>>> print(open('model_21.txt').read())   # compact mmCIF, C-alpha atoms
# COMPACT_ATOMS: atom_id res chain seq x y z
CA MET A 1 -10.66 -47.78 19.79
CA LYS A 2 -12.85 -48.71 16.83
CA ILE A 3 -12.86 -46.26 13.93
CA THR A 4 -14.68 -46.27 10.62
CA MET A 5 -13.57 -44.30 7.61
CA THR A 6 -14.09 -44.38 3.89
CA VAL A 7 -10.72 -44.85 2.23
CA ASN A 8 -10.60 -44.47 -1.54
CA GLY A 9 -14.32 -45.13 -1.70
CA VAL A 10 -14.31 -48.24 0.48
CA GLU A 11 -15.62 -48.18 4.04
CA ARG A 12 -13.17 -49.62 6.57
CA THR A 13 -13.62 -50.32 10.25
CA ASP A 14 -10.52 -51.02 12.29
CA GLU A 15 -9.38 -51.16 15.85
CA VAL A 16 -6.59 -48.65 16.49
CA GLU A 17 -4.56 -47.46 19.41
CA PRO A 18 -5.34 -43.75 20.02
CA ARG A 19 -1.72 -42.82 19.41
CA THR A 20 -1.65 -44.37 15.93
CA LEU A 21 -0.88 -41.73 13.34
CA LEU A 22 -3.09 -41.71 10.27
CA ALA A 23 -0.06 -42.22 8.01
CA HIS A 24 0.91 -45.38 9.91
CA HIS A 25 -2.66 -46.65 9.91
CA LEU A 26 -2.90 -46.25 6.13
CA ARG A 27 0.46 -47.84 5.46
CA GLU A 28 0.51 -50.63 8.00
CA ALA A 29 -3.10 -51.62 8.68
CA LEU A 30 -4.51 -50.87 5.24
CA GLY A 31 -1.40 -51.61 3.18
CA LEU A 32 -1.61 -48.30 1.33
CA THR A 33 2.11 -47.65 1.11
CA GLY A 34 1.77 -45.02 -1.63
CA THR A 35 1.59 -42.49 1.18
CA ASN A 36 5.23 -41.96 2.06
CA ILE A 37 6.64 -40.76 5.34
CA GLY A 38 9.60 -38.47 4.84
CA CYS A 39 10.48 -36.11 7.65
CA ASP A 40 7.90 -37.25 10.20
CA THR A 41 7.73 -33.65 11.48
CA SER A 42 5.01 -32.13 9.23
CA SER A 43 7.61 -30.33 7.13
CA CYS A 44 8.12 -32.33 3.94
CA GLY A 45 4.58 -33.14 2.82
CA ALA A 46 5.41 -36.62 1.47
CA CYS A 47 2.52 -38.00 3.56
CA THR A 48 -0.07 -35.59 2.12
CA ILE A 49 -3.50 -37.14 1.58
CA HIS A 50 -7.01 -35.71 1.45
CA VAL A 51 -9.34 -35.85 4.43
CA ASP A 52 -12.87 -34.71 3.63
CA GLY A 53 -11.61 -33.14 0.42
CA GLN A 54 -8.71 -31.14 1.83
CA SER A 55 -4.99 -31.83 1.77
CA VAL A 56 -3.52 -32.74 5.16
CA LYS A 57 -0.25 -34.18 6.38
CA SER A 58 -1.19 -37.63 7.62
CA CYS A 59 1.88 -37.86 9.89
CA THR A 60 0.41 -35.04 11.98
CA MET A 61 -3.06 -36.43 12.39
CA LEU A 62 -4.21 -39.26 14.61
CA ALA A 63 -6.17 -42.04 12.95
CA VAL A 64 -8.90 -41.50 15.56
CA GLN A 65 -9.25 -37.89 14.38
CA ALA A 66 -10.21 -39.22 10.95
CA ASP A 67 -12.99 -41.42 12.35
CA GLY A 68 -16.04 -40.89 10.13
CA SER A 69 -14.06 -39.08 7.47
CA ASP A 70 -13.68 -39.57 3.76
CA VAL A 71 -10.01 -40.27 3.05
CA LEU A 72 -8.36 -40.20 -0.36
CA THR A 73 -4.81 -41.43 -0.91
CA ILE A 74 -2.70 -41.55 -4.05
CA GLU A 75 -3.96 -45.09 -4.68
CA GLY A 76 -7.51 -43.79 -5.03
CA LEU A 77 -6.76 -41.02 -7.48
CA ALA A 78 -6.63 -42.89 -10.80
CA ASP A 79 -9.77 -44.29 -12.39
CA GLY A 80 -8.71 -47.89 -12.94
CA ASP A 81 -5.90 -47.79 -15.47
CA THR A 82 -6.66 -44.20 -16.43
CA LEU A 83 -4.43 -41.80 -14.58
CA HIS A 84 -5.90 -38.76 -12.87
CA PRO A 85 -5.16 -35.67 -15.03
CA MET A 86 -2.68 -34.45 -12.41
CA GLN A 87 -0.81 -37.75 -12.48
CA ARG A 88 -0.70 -37.64 -16.28
CA CYS A 89 0.54 -34.04 -16.27
CA PHE A 90 3.34 -34.97 -13.85
CA GLN A 91 4.27 -37.83 -16.19
CA GLN A 92 4.17 -35.72 -19.34
CA ASN A 93 6.03 -32.77 -17.85
CA HIS A 94 8.72 -34.79 -16.08
CA GLY A 95 7.41 -33.58 -12.72
CA LEU A 96 9.33 -36.22 -10.82
CA GLN A 97 12.75 -37.79 -10.60
CA CYS A 98 13.20 -40.17 -7.68
CA GLY A 99 9.47 -40.10 -7.01
CA TYR A 100 9.56 -40.07 -3.23
CA CYS A 101 7.79 -36.73 -2.84
CA THR A 102 5.46 -37.41 -5.76
CA PRO A 103 2.40 -38.94 -4.06
CA GLY A 104 2.27 -36.07 -1.58
CA MET A 105 3.07 -33.53 -4.25
CA VAL A 106 0.25 -34.80 -6.50
CA MET A 107 -2.26 -34.86 -3.65
CA ALA A 108 -1.28 -31.32 -2.62
CA ALA A 109 -1.52 -30.17 -6.24
CA VAL A 110 -5.00 -31.66 -6.71
CA SER A 111 -6.16 -29.88 -3.54
CA LEU A 112 -4.53 -26.66 -4.72
CA LEU A 113 -6.44 -26.68 -8.03
CA GLU A 114 -9.71 -27.46 -6.26
CA GLU A 115 -9.25 -24.28 -4.24
CA ASN A 116 -7.77 -22.21 -7.04
CA PRO A 117 -8.50 -23.69 -10.51
CA ASN A 118 -6.45 -21.09 -12.42
CA PRO A 119 -3.38 -20.29 -10.35
CA THR A 120 -0.47 -18.15 -11.47
CA GLU A 121 2.99 -19.70 -11.36
CA ARG A 122 3.64 -17.88 -8.10
CA GLU A 123 0.40 -19.19 -6.62
CA VAL A 124 1.41 -22.73 -7.56
CA ARG A 125 4.78 -22.29 -5.86
CA LEU A 126 3.13 -20.85 -2.73
CA GLY A 127 0.44 -23.51 -2.82
CA LEU A 128 3.06 -26.27 -2.79
CA GLU A 129 5.18 -24.69 -0.05
CA GLY A 130 4.29 -27.54 2.27
CA ASN A 131 5.92 -30.14 0.01
CA LEU A 132 9.66 -30.57 -0.35
CA CYS A 133 11.41 -32.11 -3.36
CA ARG A 134 15.15 -32.78 -3.28
CA CYS A 135 15.50 -33.69 -6.99
CA THR A 136 13.67 -31.48 -9.43
CA GLY A 137 14.30 -27.95 -8.25
CA TYR A 138 10.50 -27.72 -8.44
CA HIS A 139 10.50 -26.28 -11.96
CA ASN A 140 8.87 -29.24 -13.70
CA ILE A 141 6.51 -29.82 -10.81
CA VAL A 142 5.22 -26.27 -11.18
CA GLN A 143 4.97 -26.79 -14.97
CA SER A 144 2.99 -30.00 -14.38
CA VAL A 145 0.46 -28.25 -12.17
CA LEU A 146 0.12 -25.33 -14.55
CA ALA A 147 -0.38 -27.74 -17.47
CA CYS A 148 -3.09 -29.57 -15.55
CA ALA A 149 -4.81 -26.29 -14.68
CA ALA A 150 -4.69 -25.14 -18.31
CA GLU A 151 -6.05 -28.48 -19.49
CA SER A 152 -8.91 -28.42 -17.00
CA SER A 153 -9.91 -24.84 -17.77
CA GLY A 154 -9.69 -25.61 -21.50
CA ALA A 155 -11.98 -28.59 -21.02
CA ALA A 156 -14.40 -26.49 -19.00
CA SER A 157 -14.68 -23.64 -21.51
CA MET B 1 7.93 -41.03 15.62
CA ILE B 2 4.96 -42.15 17.64
CA PRO B 3 3.55 -40.34 20.67
CA ALA B 4 3.60 -41.96 24.10
CA ALA B 5 0.39 -43.82 24.87
CA PHE B 6 -2.60 -41.81 26.06
CA ASP B 7 -6.32 -42.19 26.58
CA TYR B 8 -8.44 -40.47 23.96
CA VAL B 9 -11.80 -38.91 24.74
CA ARG B 10 -13.94 -37.07 22.24
CA ALA B 11 -15.78 -34.09 23.71
CA GLU B 12 -19.43 -33.83 22.66
CA SER B 13 -19.82 -30.20 23.75
CA ALA B 14 -17.85 -27.37 25.31
CA GLY B 15 -19.36 -28.27 28.68
CA HIS B 16 -18.33 -31.90 28.25
CA ALA B 17 -14.78 -30.83 27.43
CA ILE B 18 -14.59 -28.67 30.56
CA ALA B 19 -15.96 -31.51 32.69
CA LEU B 20 -13.35 -33.88 31.23
CA LEU B 21 -10.60 -31.37 31.99
CA ALA B 22 -11.87 -31.00 35.55
CA GLU B 23 -11.93 -34.78 35.91
CA HIS B 24 -8.42 -35.39 34.61
CA GLY B 25 -6.66 -32.24 35.84
CA ASP B 26 -3.11 -31.49 34.72
CA GLU B 27 -2.79 -34.87 32.98
CA ALA B 28 -5.19 -33.86 30.23
CA LYS B 29 -4.59 -31.73 27.17
CA LEU B 30 -7.07 -30.39 24.66
CA LEU B 31 -6.66 -31.52 21.08
CA ALA B 32 -8.04 -29.25 18.36
CA GLY B 33 -6.32 -29.38 14.97
CA GLY B 34 -3.33 -30.99 16.63
CA HIS B 35 -0.75 -29.11 14.61
CA SER B 36 1.03 -27.69 17.64
CA LEU B 37 0.41 -30.48 20.14
CA LEU B 38 1.00 -33.61 18.05
CA PRO B 39 4.51 -32.59 16.91
CA LEU B 40 5.45 -32.00 20.56
CA MET B 41 3.99 -35.37 21.54
CA LYS B 42 5.85 -37.14 18.73
CA LEU B 43 9.10 -35.62 19.97
CA ARG B 44 8.03 -36.65 23.52
CA LEU B 45 8.34 -33.04 24.62
CA ALA B 46 4.75 -33.41 25.81
CA SER B 47 3.24 -36.63 27.14
CA PRO B 48 -0.30 -35.97 28.33
CA THR B 49 -2.00 -39.13 29.55
CA VAL B 50 -5.43 -38.00 28.37
CA LEU B 51 -6.29 -36.18 25.16
CA VAL B 52 -9.65 -34.44 25.06
CA ASP B 53 -10.53 -33.99 21.39
CA VAL B 54 -12.55 -30.81 20.86
CA GLY B 55 -12.01 -30.94 17.11
CA ARG B 56 -15.61 -31.81 16.34
CA LEU B 57 -17.25 -28.99 18.27
CA ASP B 58 -18.54 -27.35 15.12
CA ASP B 59 -20.53 -24.79 17.10
CA LEU B 60 -17.15 -23.24 17.96
CA ARG B 61 -16.31 -22.82 14.28
CA PHE B 62 -17.67 -19.48 13.09
CA ILE B 63 -16.75 -15.98 12.01
CA ARG B 64 -19.50 -13.45 12.62
CA ASP B 65 -20.14 -9.77 12.84
CA ALA B 66 -21.05 -8.96 16.44
CA GLY B 67 -21.52 -5.20 16.14
CA ASP B 68 -18.41 -3.56 17.56
CA HIS B 69 -16.28 -6.65 17.08
CA ILE B 70 -15.84 -9.74 14.96
CA ALA B 71 -16.47 -12.93 16.90
CA ILE B 72 -14.38 -15.92 15.85
CA GLY B 73 -14.99 -19.40 17.23
CA ALA B 74 -11.86 -20.97 18.70
CA LEU B 75 -12.09 -23.97 16.38
CA THR B 76 -12.12 -21.86 13.23
CA ARG B 77 -9.38 -23.17 11.00
CA HIS B 78 -6.68 -20.98 9.48
CA ARG B 79 -8.11 -21.80 6.06
CA ASP B 80 -11.53 -20.47 7.15
CA LEU B 81 -9.89 -17.19 8.19
CA GLU B 82 -7.89 -17.01 4.97
CA ILE B 83 -10.99 -17.20 2.74
CA SER B 84 -13.41 -15.18 4.90
CA GLU B 85 -14.84 -12.21 3.02
CA LEU B 86 -16.10 -10.72 6.30
CA LEU B 87 -12.62 -10.86 7.78
CA SER B 88 -10.99 -9.41 4.69
CA GLN B 89 -13.23 -6.36 5.07
CA THR B 90 -13.12 -5.96 8.84
CA ALA B 91 -9.75 -7.33 9.96
CA PRO B 92 -7.51 -7.46 6.87
CA LEU B 93 -4.36 -7.98 8.96
CA LEU B 94 -5.72 -11.19 10.47
CA HIS B 95 -7.17 -12.31 7.14
CA HIS B 96 -3.78 -11.87 5.46
CA ALA B 97 -1.64 -13.33 8.24
CA ALA B 98 -3.83 -16.45 8.51
CA GLY B 99 -2.84 -17.21 4.91
CA HIS B 100 0.82 -17.24 5.94
CA VAL B 101 0.61 -19.71 8.80
CA GLY B 102 2.59 -22.86 8.00
CA ASP B 103 1.51 -24.22 4.64
CA PRO B 104 -1.85 -25.13 3.04
CA GLN B 105 -2.00 -28.56 4.70
CA VAL B 106 -1.33 -27.01 8.11
CA ARG B 107 -3.94 -24.32 7.48
CA HIS B 108 -6.54 -26.97 6.62
CA ARG B 109 -6.20 -28.46 10.12
CA GLY B 110 -4.80 -25.83 12.49
CA THR B 111 -7.20 -23.61 14.42
CA ILE B 112 -6.94 -20.02 15.64
CA GLY B 113 -7.86 -21.08 19.18
CA GLY B 114 -5.22 -23.78 19.22
CA SER B 115 -2.59 -21.41 17.91
CA LEU B 116 -3.39 -18.71 20.48
CA ALA B 117 -3.74 -21.10 23.43
CA HIS B 118 -0.50 -22.92 22.61
CA ALA B 119 1.30 -19.66 23.46
CA ASP B 120 4.26 -20.27 21.21
CA PRO B 121 6.25 -17.03 20.77
CA ALA B 122 7.16 -18.16 17.23
CA SER B 123 3.51 -18.42 16.11
CA ASP B 124 2.10 -15.77 13.81
CA LEU B 125 -1.44 -15.28 15.06
CA PRO B 126 -0.71 -14.31 18.70
CA ALA B 127 1.28 -11.27 17.50
CA VAL B 128 -1.55 -10.37 15.12
CA VAL B 129 -4.22 -10.55 17.83
CA LEU B 130 -1.93 -8.54 20.16
CA ALA B 131 -1.63 -5.81 17.50
CA LEU B 132 -5.39 -5.77 16.99
CA GLY B 133 -6.15 -5.65 20.73
CA GLY B 134 -8.30 -8.78 20.74
CA THR B 135 -10.11 -10.34 23.69
CA LEU B 136 -10.22 -14.05 24.46
CA VAL B 137 -13.38 -15.63 25.85
CA VAL B 138 -12.73 -18.70 27.98
CA GLU B 139 -15.11 -21.08 29.71
CA GLY B 140 -14.48 -23.10 32.81
CA PRO B 141 -16.39 -24.83 35.59
CA ASN B 142 -17.30 -21.43 37.04
CA GLY B 143 -18.62 -19.99 33.82
CA GLN B 144 -17.24 -17.61 31.26
CA ARG B 145 -14.61 -14.91 31.56
CA GLU B 146 -12.89 -12.54 29.16
CA ILE B 147 -9.13 -12.06 29.02
CA PRO B 148 -7.58 -9.17 27.08
CA ILE B 149 -4.87 -10.64 24.86
CA GLY B 150 -2.35 -8.33 26.53
CA GLU B 151 -2.85 -10.24 29.79
CA PHE B 152 -2.99 -13.71 28.29
CA TYR B 153 0.64 -14.70 27.81
CA THR B 154 2.48 -15.46 31.04
CA GLY B 155 5.55 -17.49 30.02
CA PHE B 156 7.00 -19.85 27.45
CA LEU B 157 4.07 -21.95 26.22
CA GLU B 158 2.13 -20.68 29.24
CA SER B 159 -1.00 -18.58 29.38
CA ALA B 160 -3.63 -17.30 31.77
CA LEU B 161 -5.81 -20.25 30.74
CA GLU B 162 -6.46 -22.50 33.75
CA PRO B 163 -6.03 -26.27 33.25
CA ASP B 164 -9.81 -26.74 33.36
CA GLU B 165 -10.65 -23.88 31.01
CA LEU B 166 -11.44 -23.95 27.30
CA LEU B 167 -10.82 -21.03 24.95
CA THR B 168 -14.10 -20.67 23.07
CA GLU B 169 -14.06 -17.38 21.20
CA ILE B 170 -11.73 -14.65 19.98
CA ARG B 171 -13.10 -11.12 19.71
CA ILE B 172 -11.39 -8.77 17.30
CA PRO B 173 -12.42 -5.13 17.63
CA LYS B 174 -13.72 -3.59 14.45
CA LEU B 175 -11.21 -0.88 13.70
CA ASP B 176 -11.39 1.97 11.26
CA THR B 177 -8.21 0.69 9.62
CA LEU B 178 -5.89 3.20 7.98
CA GLY B 179 -3.13 0.72 7.21
CA TRP B 180 -1.72 -2.61 8.28
CA SER B 181 1.23 -4.87 7.59
CA PHE B 182 2.45 -8.37 8.36
CA GLN B 183 6.17 -8.97 7.99
CA LYS B 184 7.39 -12.54 8.33
CA PHE B 185 11.10 -13.12 7.90
CA ASN B 186 12.19 -16.68 7.29
CA ARG B 187 14.68 -18.38 5.05
CA ARG B 188 12.57 -21.21 3.72
CA ALA B 189 8.93 -21.40 2.76
CA GLN B 190 6.68 -22.79 5.54
CA ASP B 191 9.28 -22.16 8.29
CA TRP B 192 8.44 -20.38 11.49
CA ALA B 193 9.31 -16.70 11.42
CA ILE B 194 12.85 -15.96 12.58
CA VAL B 195 11.26 -12.63 13.48
CA GLY B 196 7.82 -11.39 12.54
CA VAL B 197 5.94 -8.12 12.97
CA ALA B 198 2.20 -7.45 12.84
CA ALA B 199 1.20 -3.81 12.72
CA VAL B 200 -2.09 -1.98 12.42
CA ARG B 201 -2.84 1.73 12.30
CA ALA B 202 -6.44 2.74 12.77
CA ASP B 203 -8.51 5.67 13.85
CA GLY B 204 -7.81 5.83 17.61
CA HIS B 205 -5.70 2.67 17.69
CA SER B 206 -2.15 1.73 16.84
CA GLY B 207 -0.88 -1.75 17.60
CA VAL B 208 2.31 -3.67 16.94
CA GLY B 209 2.97 -7.32 17.83
CA LEU B 210 6.28 -9.18 17.63
CA VAL B 211 6.87 -12.82 16.70
CA ASN B 212 9.80 -14.75 18.19
CA MET B 213 11.37 -11.89 20.13
CA GLY B 214 11.07 -13.39 23.60
CA SER B 215 9.64 -16.25 25.61
CA THR B 216 6.09 -15.13 24.85
CA PRO B 217 4.35 -13.38 21.97
CA LEU B 218 5.06 -9.70 22.62
CA TYR B 219 3.34 -6.36 22.27
CA ALA B 220 5.78 -3.68 21.11
CA ALA B 221 4.77 -1.12 23.73
CA GLY B 222 7.76 1.17 23.07
CA VAL B 223 6.94 1.40 19.38
CA VAL B 224 3.28 2.14 20.05
CA ASP B 225 4.24 4.75 22.64
CA ALA B 226 6.46 6.43 20.06
CA LEU B 227 3.62 6.38 17.53
CA HIS B 228 1.32 8.11 20.01
CA SER B 229 3.99 10.82 20.39
CA GLY B 230 4.00 11.45 16.65
CA ALA B 231 7.22 9.60 15.79
CA THR B 232 8.13 8.70 12.23
CA ALA B 233 8.31 5.06 11.22
CA ALA B 234 12.12 5.10 11.51
CA GLU B 235 12.03 6.75 14.95
CA ALA B 236 9.39 4.39 16.29
CA ALA B 237 11.29 1.37 14.93
CA GLU B 238 14.31 2.32 17.05
CA ARG B 239 12.22 1.32 20.08
CA ALA B 240 11.37 -2.13 18.66
CA ASN B 241 13.49 -3.97 21.21
CA GLU B 242 12.14 -2.36 24.36
CA GLY B 243 10.92 -5.18 26.57
CA THR B 244 12.11 -7.96 24.25
CA GLU B 245 14.33 -10.84 25.32
CA ALA B 246 15.28 -12.49 22.05
CA GLN B 247 17.07 -15.82 22.16
CA SER B 248 19.93 -17.14 20.03
CA ASP B 249 19.36 -20.38 18.15
CA ASN B 250 20.43 -22.11 14.93
CA ASN B 251 18.64 -19.50 12.85
CA ALA B 252 19.79 -16.26 14.41
CA THR B 253 21.79 -14.62 17.18
CA VAL B 254 20.19 -12.19 19.61
CA GLU B 255 21.87 -9.28 17.80
CA TYR B 256 20.55 -10.44 14.42
CA ARG B 257 17.02 -10.82 15.79
CA GLU B 258 17.16 -7.33 17.31
CA HIS B 259 18.36 -5.93 14.00
CA LEU B 260 15.54 -7.73 12.20
CA ALA B 261 12.98 -6.40 14.68
CA ARG B 262 14.04 -2.81 13.99
CA VAL B 263 14.07 -3.29 10.22
CA LEU B 264 10.79 -5.20 10.09
CA VAL B 265 8.98 -2.77 12.41
CA ARG B 266 10.08 0.12 10.20
CA ARG B 267 8.93 -1.71 7.07
CA ALA B 268 5.64 -2.66 8.71
CA LEU B 269 4.94 0.91 9.78
CA GLU B 270 5.84 2.23 6.36
CA GLU B 271 3.63 -0.34 4.67
CA SER B 272 0.88 0.71 7.09
CA GLY B 273 1.13 4.17 5.59
CA LEU B 274 3.31 5.95 8.14
CA SER B 275 6.11 8.05 6.69
>>> encode(input="model_21.txt", output="structure tokens")
Amino acid sequence: MKITMTVNGVERTDEVEPRTLLAHHLREALGLTGTNIGCDTSSCGACTIHVDGQSVKSCTMLAVQADGSDVLTIEGLADGDTLHPMQRCFQQNHGLQCGYCTPGMVMAAVSLLEENPNPTEREVRLGLEGNLCRCTGYHNIVQSVLACAAESSGAAS
Amino acid sequence: MIPAAFDYVRAESAGHAIALLAEHGDEAKLLAGGHSLLPLMKLRLASPTVLVDVGRLDDLRFIRDAGDHIAIGALTRHRDLEISELLSQTAPLLHHAAGHVGDPQVRHRGTIGGSLAHADPASDLPAVVLALGGTLVVEGPNGQREIPIGEFYTGFLESALEPDELLTEIRIPKLDTLGWSFQKFNRRAQDWAIVGVAAVRADGHSGVGLVNMGSTPLYAAGVVDALHSGATAAEAAERANEGTEAQSDNNATVEYREHLARVLVRRALEESGLS
């Protein structure tokens, strides 16, 4: 089946089998391997991307379901060599160790702040409940998101 | 994990979806958000040969005040429920519980209709709609019919929905709510409830639903009966396991689940304002 979607600002038309998962389509057909596949059972969140502006787990969505959608992956987040504020906050706050969960964690965090620009620490923890990290104990990830939120609200005021 | 091969058809309308179901019979499954069906297909626990995608039927995505009830389109996503001001005022139990389904990514895709029709006893929303006394509107080749939620669940992952019928709308009665509570007991964030309880106390209505206490979502009839007789929260909670058939699994034994049901029903009733 032929599907067309905008991926990181570029329109793509591809032929896919209906059973192709969006995560596999992004990684294998489009070469966007920043989207990791961890558990493959919609638990770990490593495959989190944005579809039409909302975070979704791309291992639990068919590519055909995203036909006509606007898709954003971790590769599309930075502006050239300038990191997205969330990426920079993860870097500055040591929000990653091995880095496997990081693309999904960053995409989930960006979506979280779009829905709730000034979250409490508890709201950040709840908002990232769909993303598992085996290294950090989450503390620095939560600090990264809070730092990004503070920076954004400071810039806005 | 990749699902077994299937044919994919996108429904253009509710009528088109019903016609496709009639054409393909038992081989076809409806795909809405896909967050119940796709995991089963990836594990090859389900292998439909035709998927009818109803995910783009935006006319079935609404939450509106319909006088004596709130009408919710079957394709309304959990996230829509979670942020609905109308729902927070008229059905706070459902509004709150919708925000506890899965995790944010799941709530961005999963739909209330999909969750109810999937008939998983471990899902949160069936117990909530049971407690609230909701009605399900389904459409098939012979037109529309209404099914009270209490008559909807017939077995494990089985419901009164015929293979050629589409759940289109959920009706939640507008209650004069005195108190409500949603108790979800799990050990890790985003997990299914090991046991869950949805309770509502309203003028002329008490309802309690149980999550994961049998092969279907359950209505705690014994507890509600006790409430009608003027029982205290603790007394009513002692009847939490009437009619249940909890299973043992990696998370809990039958005895542990039954203990949890009693404790969580008591907490839910207390949080609903019953002493």
>>> atom_distance(input="model_21.txt", atom1="atom CA of Gly207 of chain B", atom2="atom CA of Gly273 of chain B")
13.5 Å
>>> closest_residue(input="model_21.txt", among="A:Gly9, A:Arg134, A:Leu146, A:Thr102", to="Val71 of chain A", atoms="all atoms listed in the file")
A:Gly9
>>> residues_around(input="model_21.txt", residues="Val223 of chain B", least_positions_apart="6", cutoff="6 Å", atoms="all atoms listed in the file", output="PyMOL selection string")
chain B and resi 236+239-240
>>> write_last_selection(input="model_21.txt", atoms="C-alpha atoms", output="short mmCIF file (atom, residue, chain, number, x, y, z; two decimals), keeping the file's coordinate frame")
data_model
loop_
_atom_site.label_atom_id
_atom_site.label_comp_id
_atom_site.auth_asym_id
_atom_site.auth_seq_id
_atom_site.Cartn_x
_atom_site.Cartn_y
_atom_site.Cartn_z
CA ALA B 236 9.39 4.39 16.29
CA ARG B 239 12.22 1.32 20.08
CA ALA B 240 11.37 -2.13 18.66
#
>>> interface_residues(input="model_21.txt", of="chain B", to="chain A", cutoff="10 Å", atoms="only C-alpha atoms", output="MDAnalysis selection string")
chainID B and resid 1:10 31:43 51 53 55:56 100 102:109 188:191
>>> atom_distance(input="model_21.txt", atom1="atom CA of Ile63 of chain B", atom2="atom CA of Asp67 of chain A")
25.7 Å
>>> residues_around(input="model_21.txt", residues="Asn140 of chain A", least_positions_apart="4", cutoff="9 Å", atoms="all atoms listed in the file", output="ChimeraX atom specification")
/A:90,93-96,136,144-145
>>> residues_around(input="model_21.txt", residues="Ala233 of chain B", least_positions_apart="3", cutoff="6 Å", atoms="only C-alpha atoms", output="list of chain:residue names")
B:Ala236, B:Arg266, B:Leu269, B:Leu274, B:Ser275
>>> write_last_selection(input="model_21.txt", atoms="C-alpha atoms", output="short mmCIF file (atom, residue, chain, number, x, y, z; two decimals), in the coordinates of the input")
data_model
loop_
_atom_site.label_atom_id
_atom_site.label_comp_id
_atom_site.auth_asym_id
_atom_site.auth_seq_id
_atom_site.Cartn_x
_atom_site.Cartn_y
_atom_site.Cartn_z
CA ALA B 236 9.39 4.39 16.29
CA ARG B 266 10.08 0.12 10.20
CA LEU B 269 4.94 0.91 9.78
CA LEU B 274 3.31 5.95 8.14
CA SER B 275 6.11 8.05 6.69
#
>>> residues_near_point(input="model_21.txt", point="(-15.7, -25.2, 36.1)", cutoff="8 Å", atoms="all atoms listed in the file", output="list in words")
Ile18, Ala19, Ala22, Glu139, Gly140, Pro141, Asn142, Gly143, Asp164 and Glu165 of chain B
>>> axis_aligned_box(input="model_21.txt", around="segment 19-30 of chain A", padding_each_side="3 Å", output="lines of an AutoDock Vina configuration file")
center_x = -1.8
center_y = -46.7
center_z = 12.3
size_x = 11.4
size_y = 15.9
size_z = 20.2
>>> residues_around(input="model_21.txt", residues="Asn186 of chain B", least_positions_apart="4", cutoff="12 Å", atoms="all atoms listed in the file", output="JSON, numbers by chain")
{"B": [100, 102, 122, 190, 191, 192, 193, 194, 195, 196, 211, 212, 251, 252, 257, 260, 264]}
>>> atom_distance(input="model_21.txt", atom1="atom CA of Ala46 of chain A", atom2="atom CA of Gln97 of chain A")
14.2 Å
>>> residues_around(input="model_21.txt", residues="segment 71-81 of chain B", least_positions_apart="6", cutoff="6 Å", atoms="only C-alpha atoms", output="list in words")
Leu60, Arg61, Phe62, Ile63, Arg64, His95, Ala98, Arg107, His108, Gly110, Thr111, Ile112, Gly113, Thr168, Glu169, Ile170 and Arg171 of chain B
>>> closest_residue(input="model_21.txt", among="B:Ser84, B:Gln144, B:Ser123, B:Gln89", to="Val101 of chain B", atoms="all atoms listed in the file")
B:Ser123
>>> residues_near_point(input="model_21.txt", point="(10.0, -12.7, 26.0)", cutoff="12 Å", atoms="all atoms listed in the file", output="ChimeraX atom specification")
/B:119-122,153-158,210-220,241-247
>>> write_last_selection(input="model_21.txt", atoms="C-alpha atoms", output="CSV table (one decimal), in the frame of the given file")
chain,number,residue,atom,x,y,z
B,119,ALA,CA,1.3,-19.7,23.5
B,120,ASP,CA,4.3,-20.3,21.2
B,121,PRO,CA,6.2,-17.0,20.8
B,122,ALA,CA,7.2,-18.2,17.2
B,153,TYR,CA,0.6,-14.7,27.8
B,154,THR,CA,2.5,-15.5,31.0
B,155,GLY,CA,5.6,-17.5,30.0
B,156,PHE,CA,7.0,-19.8,27.4
B,157,LEU,CA,4.1,-22.0,26.2
B,158,GLU,CA,2.1,-20.7,29.2
B,210,LEU,CA,6.3,-9.2,17.6
B,211,VAL,CA,6.9,-12.8,16.7
B,212,ASN,CA,9.8,-14.8,18.2
B,213,MET,CA,11.4,-11.9,20.1
B,214,GLY,CA,11.1,-13.4,23.6
B,215,SER,CA,9.6,-16.2,25.6
B,216,THR,CA,6.1,-15.1,24.8
B,217,PRO,CA,4.4,-13.4,22.0
B,218,LEU,CA,5.1,-9.7,22.6
B,219,TYR,CA,3.3,-6.4,22.3
B,220,ALA,CA,5.8,-3.7,21.1
B,241,ASN,CA,13.5,-4.0,21.2
B,242,GLU,CA,12.1,-2.4,24.4
B,243,GLY,CA,10.9,-5.2,26.6
B,244,THR,CA,12.1,-8.0,24.2
B,245,GLU,CA,14.3,-10.8,25.3
B,246,ALA,CA,15.3,-12.5,22.0
B,247,GLN,CA,17.1,-15.8,22.2
>>> closest_residue(input="model_21.txt", among="B:Gly114, B:Gly204, B:Pro92, B:Gly67", to="Leu166 of chain B", atoms="all atoms listed in the file")
B:Gly114
>>> closest_residue(input="model_21.txt", among="B:Ile147, B:Ala160, B:Ala91, B:Ala198", to="Val128 of chain B", atoms="only C-alpha atoms")
B:Ala198
